[in-house]
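S.K.: Next up, protein.txt (compact mmCIF, N, CA and C atoms).
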```
# COMPACT_ATOMS: atom_id res chain seq x y z
N MET A 6 1.77 -12.28 -0.95
CA MET A 6 2.51 -11.43 -0.04
C MET A 6 1.69 -10.19 0.32
N ILE A 7 0.98 -9.64 -0.64
CA ILE A 7 0.15 -8.46 -0.37
C ILE A 7 -0.91 -8.79 0.66
N GLU A 8 -1.51 -9.97 0.54
CA GLU A 8 -2.54 -10.37 1.50
C GLU A 8 -1.98 -10.43 2.91
N ASP A 9 -0.76 -10.89 3.06
CA ASP A 9 -0.13 -10.94 4.38
C ASP A 9 0.06 -9.54 4.95
N TRP A 10 0.48 -8.60 4.10
CA TRP A 10 0.63 -7.21 4.55
C TRP A 10 -0.72 -6.61 4.90
N GLU A 11 -1.74 -6.94 4.12
CA GLU A 11 -3.09 -6.45 4.43
C GLU A 11 -3.52 -6.93 5.82
N ALA A 12 -3.30 -8.20 6.09
CA ALA A 12 -3.68 -8.75 7.39
C ALA A 12 -2.87 -8.12 8.51
N ALA A 13 -1.59 -7.91 8.27
CA ALA A 13 -0.72 -7.33 9.30
C ALA A 13 -1.10 -5.88 9.60
N LEU A 14 -1.52 -5.15 8.60
CA LEU A 14 -1.84 -3.73 8.78
C LEU A 14 -3.26 -3.48 9.27
N ALA A 15 -4.09 -4.50 9.23
CA ALA A 15 -5.50 -4.33 9.59
C ALA A 15 -5.68 -3.78 11.00
N ASP A 16 -4.82 -4.17 11.91
CA ASP A 16 -4.97 -3.74 13.31
C ASP A 16 -3.93 -2.71 13.74
N VAL A 17 -3.15 -2.21 12.82
CA VAL A 17 -2.12 -1.22 13.16
C VAL A 17 -2.78 0.14 13.33
N ASP A 18 -2.49 0.77 14.45
CA ASP A 18 -3.08 2.08 14.74
C ASP A 18 -1.99 3.14 14.73
N VAL A 19 -1.38 3.32 13.58
CA VAL A 19 -0.34 4.33 13.38
C VAL A 19 -0.80 5.21 12.23
N PRO A 20 -0.68 6.52 12.37
CA PRO A 20 -1.09 7.40 11.27
C PRO A 20 -0.43 6.98 9.95
N GLY A 21 -1.23 6.79 8.94
CA GLY A 21 -0.74 6.41 7.62
C GLY A 21 -0.94 4.94 7.30
N ALA A 22 -1.15 4.10 8.32
CA ALA A 22 -1.28 2.67 8.10
C ALA A 22 -2.54 2.33 7.29
N LYS A 23 -3.63 3.01 7.57
CA LYS A 23 -4.88 2.72 6.85
C LYS A 23 -4.77 3.10 5.38
N GLY A 24 -4.05 4.17 5.07
CA GLY A 24 -3.83 4.55 3.68
C GLY A 24 -3.00 3.52 2.94
N ILE A 25 -2.00 2.98 3.64
CA ILE A 25 -1.17 1.93 3.04
C ILE A 25 -2.03 0.69 2.80
N LEU A 26 -2.85 0.35 3.77
CA LEU A 26 -3.74 -0.81 3.62
C LEU A 26 -4.67 -0.62 2.43
N ARG A 27 -5.24 0.56 2.30
CA ARG A 27 -6.14 0.85 1.17
C ARG A 27 -5.40 0.70 -0.16
N ASP A 28 -4.18 1.25 -0.24
CA ASP A 28 -3.43 1.17 -1.50
C ASP A 28 -2.96 -0.26 -1.79
N LEU A 29 -2.61 -1.01 -0.75
CA LEU A 29 -2.24 -2.42 -0.96
C LEU A 29 -3.42 -3.19 -1.53
N THR A 30 -4.61 -2.94 -1.01
CA THR A 30 -5.80 -3.61 -1.51
C THR A 30 -6.05 -3.25 -2.97
N SER A 31 -5.90 -1.98 -3.29
CA SER A 31 -6.07 -1.54 -4.68
C SER A 31 -5.03 -2.19 -5.58
N LEU A 32 -3.79 -2.27 -5.11
CA LEU A 32 -2.71 -2.90 -5.89
C LEU A 32 -3.01 -4.38 -6.11
N ARG A 33 -3.42 -5.07 -5.06
CA ARG A 33 -3.74 -6.49 -5.19
C ARG A 33 -4.85 -6.69 -6.21
N LYS A 34 -5.88 -5.87 -6.15
CA LYS A 34 -7.00 -6.00 -7.09
C LYS A 34 -6.52 -5.76 -8.54
N GLN A 35 -5.62 -4.81 -8.72
CA GLN A 35 -5.09 -4.57 -10.07
C GLN A 35 -4.30 -5.80 -10.55
N LEU A 36 -3.48 -6.35 -9.67
CA LEU A 36 -2.63 -7.48 -10.06
C LEU A 36 -3.43 -8.76 -10.29
N GLU A 37 -4.62 -8.84 -9.72
CA GLU A 37 -5.49 -10.00 -9.92
C GLU A 37 -6.23 -9.95 -11.26
N LYS A 38 -6.26 -8.79 -11.87
CA LYS A 38 -6.95 -8.65 -13.16
C LYS A 38 -6.16 -9.36 -14.26
N SER A 39 -6.88 -9.80 -15.29
CA SER A 39 -6.19 -10.44 -16.41
C SER A 39 -5.33 -9.42 -17.16
N GLU A 40 -5.74 -8.15 -17.14
CA GLU A 40 -4.95 -7.09 -17.77
C GLU A 40 -4.89 -5.89 -16.82
N PRO A 41 -3.93 -5.91 -15.90
CA PRO A 41 -3.81 -4.78 -14.96
C PRO A 41 -3.50 -3.48 -15.68
N ASP A 42 -3.95 -2.39 -15.12
CA ASP A 42 -3.67 -1.05 -15.65
C ASP A 42 -2.27 -0.66 -15.18
N ALA A 43 -1.32 -0.70 -16.10
CA ALA A 43 0.09 -0.46 -15.77
C ALA A 43 0.29 0.92 -15.13
N ASP A 44 -0.39 1.93 -15.64
CA ASP A 44 -0.24 3.27 -15.07
C ASP A 44 -0.72 3.29 -13.63
N ARG A 45 -1.83 2.63 -13.37
CA ARG A 45 -2.39 2.56 -12.01
C ARG A 45 -1.45 1.80 -11.08
N VAL A 46 -0.89 0.69 -11.55
CA VAL A 46 0.04 -0.10 -10.75
C VAL A 46 1.27 0.74 -10.40
N HIS A 47 1.82 1.43 -11.38
CA HIS A 47 2.99 2.28 -11.12
C HIS A 47 2.67 3.38 -10.11
N ALA A 48 1.50 3.99 -10.24
CA ALA A 48 1.10 5.05 -9.32
C ALA A 48 0.92 4.50 -7.90
N LEU A 49 0.29 3.34 -7.79
CA LEU A 49 0.09 2.73 -6.47
C LEU A 49 1.42 2.35 -5.82
N VAL A 50 2.32 1.79 -6.60
CA VAL A 50 3.64 1.40 -6.07
C VAL A 50 4.37 2.63 -5.57
N HIS A 51 4.32 3.71 -6.34
CA HIS A 51 4.99 4.95 -5.92
C HIS A 51 4.37 5.48 -4.63
N ARG A 52 3.05 5.52 -4.59
CA ARG A 52 2.37 6.04 -3.40
C ARG A 52 2.64 5.16 -2.18
N LEU A 53 2.68 3.85 -2.39
CA LEU A 53 3.01 2.93 -1.29
C LEU A 53 4.43 3.17 -0.79
N GLY A 54 5.33 3.44 -1.71
CA GLY A 54 6.71 3.72 -1.33
C GLY A 54 6.82 4.97 -0.48
N THR A 55 6.15 6.02 -0.91
CA THR A 55 6.17 7.27 -0.16
C THR A 55 5.58 7.09 1.23
N ALA A 56 4.43 6.41 1.31
CA ALA A 56 3.77 6.20 2.59
C ALA A 56 4.59 5.29 3.50
N THR A 57 5.22 4.27 2.94
CA THR A 57 6.05 3.36 3.74
C THR A 57 7.26 4.08 4.30
N THR A 58 7.87 4.94 3.51
CA THR A 58 9.01 5.72 3.99
C THR A 58 8.59 6.62 5.15
N LYS A 59 7.42 7.24 5.03
CA LYS A 59 6.93 8.12 6.10
C LYS A 59 6.62 7.35 7.37
N ILE A 60 5.97 6.20 7.23
CA ILE A 60 5.59 5.42 8.40
C ILE A 60 6.82 4.79 9.08
N ALA A 61 7.88 4.59 8.31
CA ALA A 61 9.11 4.00 8.87
C ALA A 61 9.67 4.87 9.99
N GLU A 62 9.48 6.18 9.87
CA GLU A 62 9.98 7.11 10.89
C GLU A 62 9.32 6.87 12.24
N LYS A 63 8.11 6.30 12.23
CA LYS A 63 7.35 6.08 13.46
C LYS A 63 7.52 4.66 14.00
N ALA A 64 8.21 3.81 13.27
CA ALA A 64 8.37 2.41 13.66
C ALA A 64 9.45 2.27 14.72
N ASP A 65 9.13 1.50 15.74
CA ASP A 65 10.12 1.25 16.79
C ASP A 65 11.19 0.29 16.30
N LYS A 66 10.75 -0.77 15.63
CA LYS A 66 11.71 -1.70 15.05
C LYS A 66 11.46 -1.79 13.56
N TRP A 67 12.38 -2.31 12.84
CA TRP A 67 12.31 -2.45 11.39
C TRP A 67 12.40 -1.12 10.67
N GLN A 68 12.77 -0.06 11.36
CA GLN A 68 12.79 1.27 10.76
C GLN A 68 13.66 1.32 9.50
N ASP A 69 14.88 0.79 9.58
CA ASP A 69 15.78 0.83 8.42
C ASP A 69 15.24 0.01 7.26
N LYS A 70 14.69 -1.16 7.56
CA LYS A 70 14.16 -2.01 6.50
C LYS A 70 12.92 -1.39 5.86
N LEU A 71 12.05 -0.81 6.67
CA LEU A 71 10.87 -0.14 6.12
C LEU A 71 11.26 1.05 5.25
N LYS A 72 12.25 1.80 5.70
CA LYS A 72 12.69 2.95 4.92
C LYS A 72 13.28 2.49 3.59
N ALA A 73 14.09 1.44 3.62
CA ALA A 73 14.68 0.92 2.38
C ALA A 73 13.60 0.40 1.44
N LEU A 74 12.61 -0.30 2.00
CA LEU A 74 11.49 -0.80 1.19
C LEU A 74 10.73 0.37 0.57
N GLY A 75 10.44 1.38 1.38
CA GLY A 75 9.72 2.55 0.88
C GLY A 75 10.46 3.24 -0.25
N GLU A 76 11.77 3.39 -0.08
CA GLU A 76 12.57 4.05 -1.13
C GLU A 76 12.58 3.22 -2.41
N ALA A 77 12.68 1.89 -2.27
CA ALA A 77 12.69 1.03 -3.45
C ALA A 77 11.35 1.09 -4.18
N LEU A 78 10.25 1.07 -3.42
CA LEU A 78 8.93 1.17 -4.04
C LEU A 78 8.74 2.51 -4.73
N THR A 79 9.18 3.56 -4.08
CA THR A 79 9.04 4.90 -4.66
C THR A 79 9.78 4.98 -6.00
N GLU A 80 10.99 4.43 -6.03
CA GLU A 80 11.78 4.46 -7.27
C GLU A 80 11.16 3.58 -8.36
N ALA A 81 10.53 2.47 -7.95
CA ALA A 81 9.94 1.55 -8.93
C ALA A 81 8.64 2.08 -9.50
N GLY A 82 7.97 2.94 -8.76
CA GLY A 82 6.68 3.46 -9.21
C GLY A 82 6.82 4.77 -9.95
N VAL A 83 5.68 5.30 -10.32
CA VAL A 83 5.62 6.58 -11.03
C VAL A 83 4.61 7.46 -10.31
N ASP A 84 5.04 8.66 -9.95
CA ASP A 84 4.15 9.59 -9.25
C ASP A 84 3.01 10.00 -10.17
N SER A 85 1.79 9.89 -9.64
CA SER A 85 0.60 10.26 -10.40
C SER A 85 -0.35 10.99 -9.47
N PRO A 86 -0.10 12.29 -9.22
CA PRO A 86 -0.90 13.02 -8.25
C PRO A 86 -2.37 13.18 -8.63
N ASP A 87 -2.71 13.02 -9.89
CA ASP A 87 -4.10 13.19 -10.31
C ASP A 87 -4.91 11.91 -10.24
N GLU A 88 -4.28 10.82 -9.77
CA GLU A 88 -4.96 9.54 -9.73
C GLU A 88 -6.12 9.54 -8.75
N ASP A 89 -7.23 8.94 -9.16
CA ASP A 89 -8.39 8.82 -8.28
C ASP A 89 -8.19 7.64 -7.34
N GLU A 90 -8.75 7.76 -6.15
CA GLU A 90 -8.69 6.67 -5.17
C GLU A 90 -9.63 5.56 -5.60
N ASP A 91 -9.18 4.32 -5.51
CA ASP A 91 -9.99 3.16 -5.87
C ASP A 91 -10.82 2.77 -4.67
N THR A 92 -11.98 3.42 -4.50
CA THR A 92 -12.80 3.18 -3.32
C THR A 92 -13.44 1.79 -3.34
N ALA A 93 -13.70 1.24 -4.51
CA ALA A 93 -14.27 -0.11 -4.58
C ALA A 93 -13.28 -1.13 -4.05
N ALA A 94 -12.02 -1.00 -4.41
CA ALA A 94 -11.00 -1.92 -3.91
C ALA A 94 -10.77 -1.71 -2.43
N ALA A 95 -10.78 -0.48 -2.01
CA ALA A 95 -10.55 -0.18 -0.60
C ALA A 95 -11.66 -0.72 0.28
N ALA A 96 -12.85 -0.82 -0.27
CA ALA A 96 -13.98 -1.30 0.51
C ALA A 96 -14.03 -2.82 0.61
N ALA A 97 -13.17 -3.51 -0.15
CA ALA A 97 -13.23 -4.97 -0.16
C ALA A 97 -11.85 -5.61 -0.02
N PRO A 98 -11.16 -5.38 1.10
CA PRO A 98 -9.87 -6.05 1.28
C PRO A 98 -10.08 -7.56 1.35
N LYS A 99 -9.15 -8.31 0.80
CA LYS A 99 -9.35 -9.75 0.68
C LYS A 99 -9.27 -10.47 2.03
N ARG A 100 -8.26 -10.18 2.84
CA ARG A 100 -8.11 -10.90 4.09
C ARG A 100 -8.21 -10.02 5.31
N ALA A 101 -8.06 -8.75 5.14
CA ALA A 101 -8.07 -7.86 6.28
C ALA A 101 -9.40 -7.13 6.36
N PRO A 102 -10.12 -7.29 7.43
CA PRO A 102 -11.40 -6.57 7.54
C PRO A 102 -11.17 -5.08 7.65
N LYS A 103 -12.02 -4.33 6.99
CA LYS A 103 -11.90 -2.86 7.05
C LYS A 103 -12.50 -2.39 8.36
N LYS A 104 -11.71 -1.66 9.11
CA LYS A 104 -12.17 -1.13 10.40
C LYS A 104 -12.35 0.36 10.28
N LYS A 105 -13.32 0.88 10.97
CA LYS A 105 -13.58 2.33 10.92
C LYS A 105 -13.27 2.97 12.23
```
How would this structure read if it were set down as structure tokens?
M.R.:
Amino acid sequence: MIEDWEAALADVDVPGAKGILRDLTSLRKQLEKSEPDADRVHALVHRLGTATTKIAEKADKWQDKLKALGEALTEAGVDSPDEDEDTAAAAAPKRAPKKK
């Protein structure tokens, strides 16, 4: 499912979409590990929730569903403001090419 979202967001030109794509890629890479870092997964889920809620305000359609998804992700995750960005994961999305 994450790969589908990565592909869908690859061509979206809305402020915040690239950050969501980067975090989805980082989350997918964590979940593919034999032993994912639970703290990192929680932080990514929380950050994805916050970003999804913000981007929902700019969506023409699916606004309510995106907002609900964002709120659910935010509640499921744990805020970790000191977390470092996973630049290695962000540089290697599985299905979505990174555009600059």
S.K.: Could you tell me how far atom N of A:Asp84 lies from atom N of A:His51, in Å and to one decimal?
M.R.: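 Between atom N of A:Asp84 and atom N of A:His51 the gap works out to 6.2 Å.
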S.K.: Counting all atoms listed in the file, figure out which residue out of A:Asp16, A:Glu37, A:Thr55, A:Thr30 gets nearest to A:Leu78.
M.R.: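 Of all the options, A:Thr55 lies closest to A:Leu78.
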S.K.: Interatomic distance between atom CA of A:Leu14 and atom C of A:Pro41?
M.R.: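 Here the two named atoms are 24.5 Å from each other.
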S.K.: Which distance in Å separates atom CA of A:Trp67 and atom CA of A:Gly82, to one decimal?
M.R.: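 So the answer is 22.2 Å.
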S.K.: Closest to A:Val17 among A:Ile60, A:Glu76, A:Asp69, A:Glu40, using only C-alpha atoms?
M.R.: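 Using only C-alpha atoms, the shortest distance to A:Val17 belongs to A:Ile60.
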S.K.: I want to know what sits within 5 Å of A:Thr58, based on all atoms listed in the file, with residues of the same chain fewer than 3 positions away left out; could you give that as a ChimeraX atom specification?
M.R.: /A:54-55,61-62,72,75
S.K.: Scan for residues within 6 Å of the point (-2.7, -1.3, -8.8) in the coordinates of the file, using only C-alpha atoms, and reply as a PyMOL selection string.
M.R.: chain A and resi 31-32+35+45-46+49
S.K.: Kindly indicate which residue among A:Ile7, A:Leu71, A:Ala64, A:Ala77 lies nearest to A:Arg33, using only N, CA and C atoms for the distances.
M.R.: A:Ile7
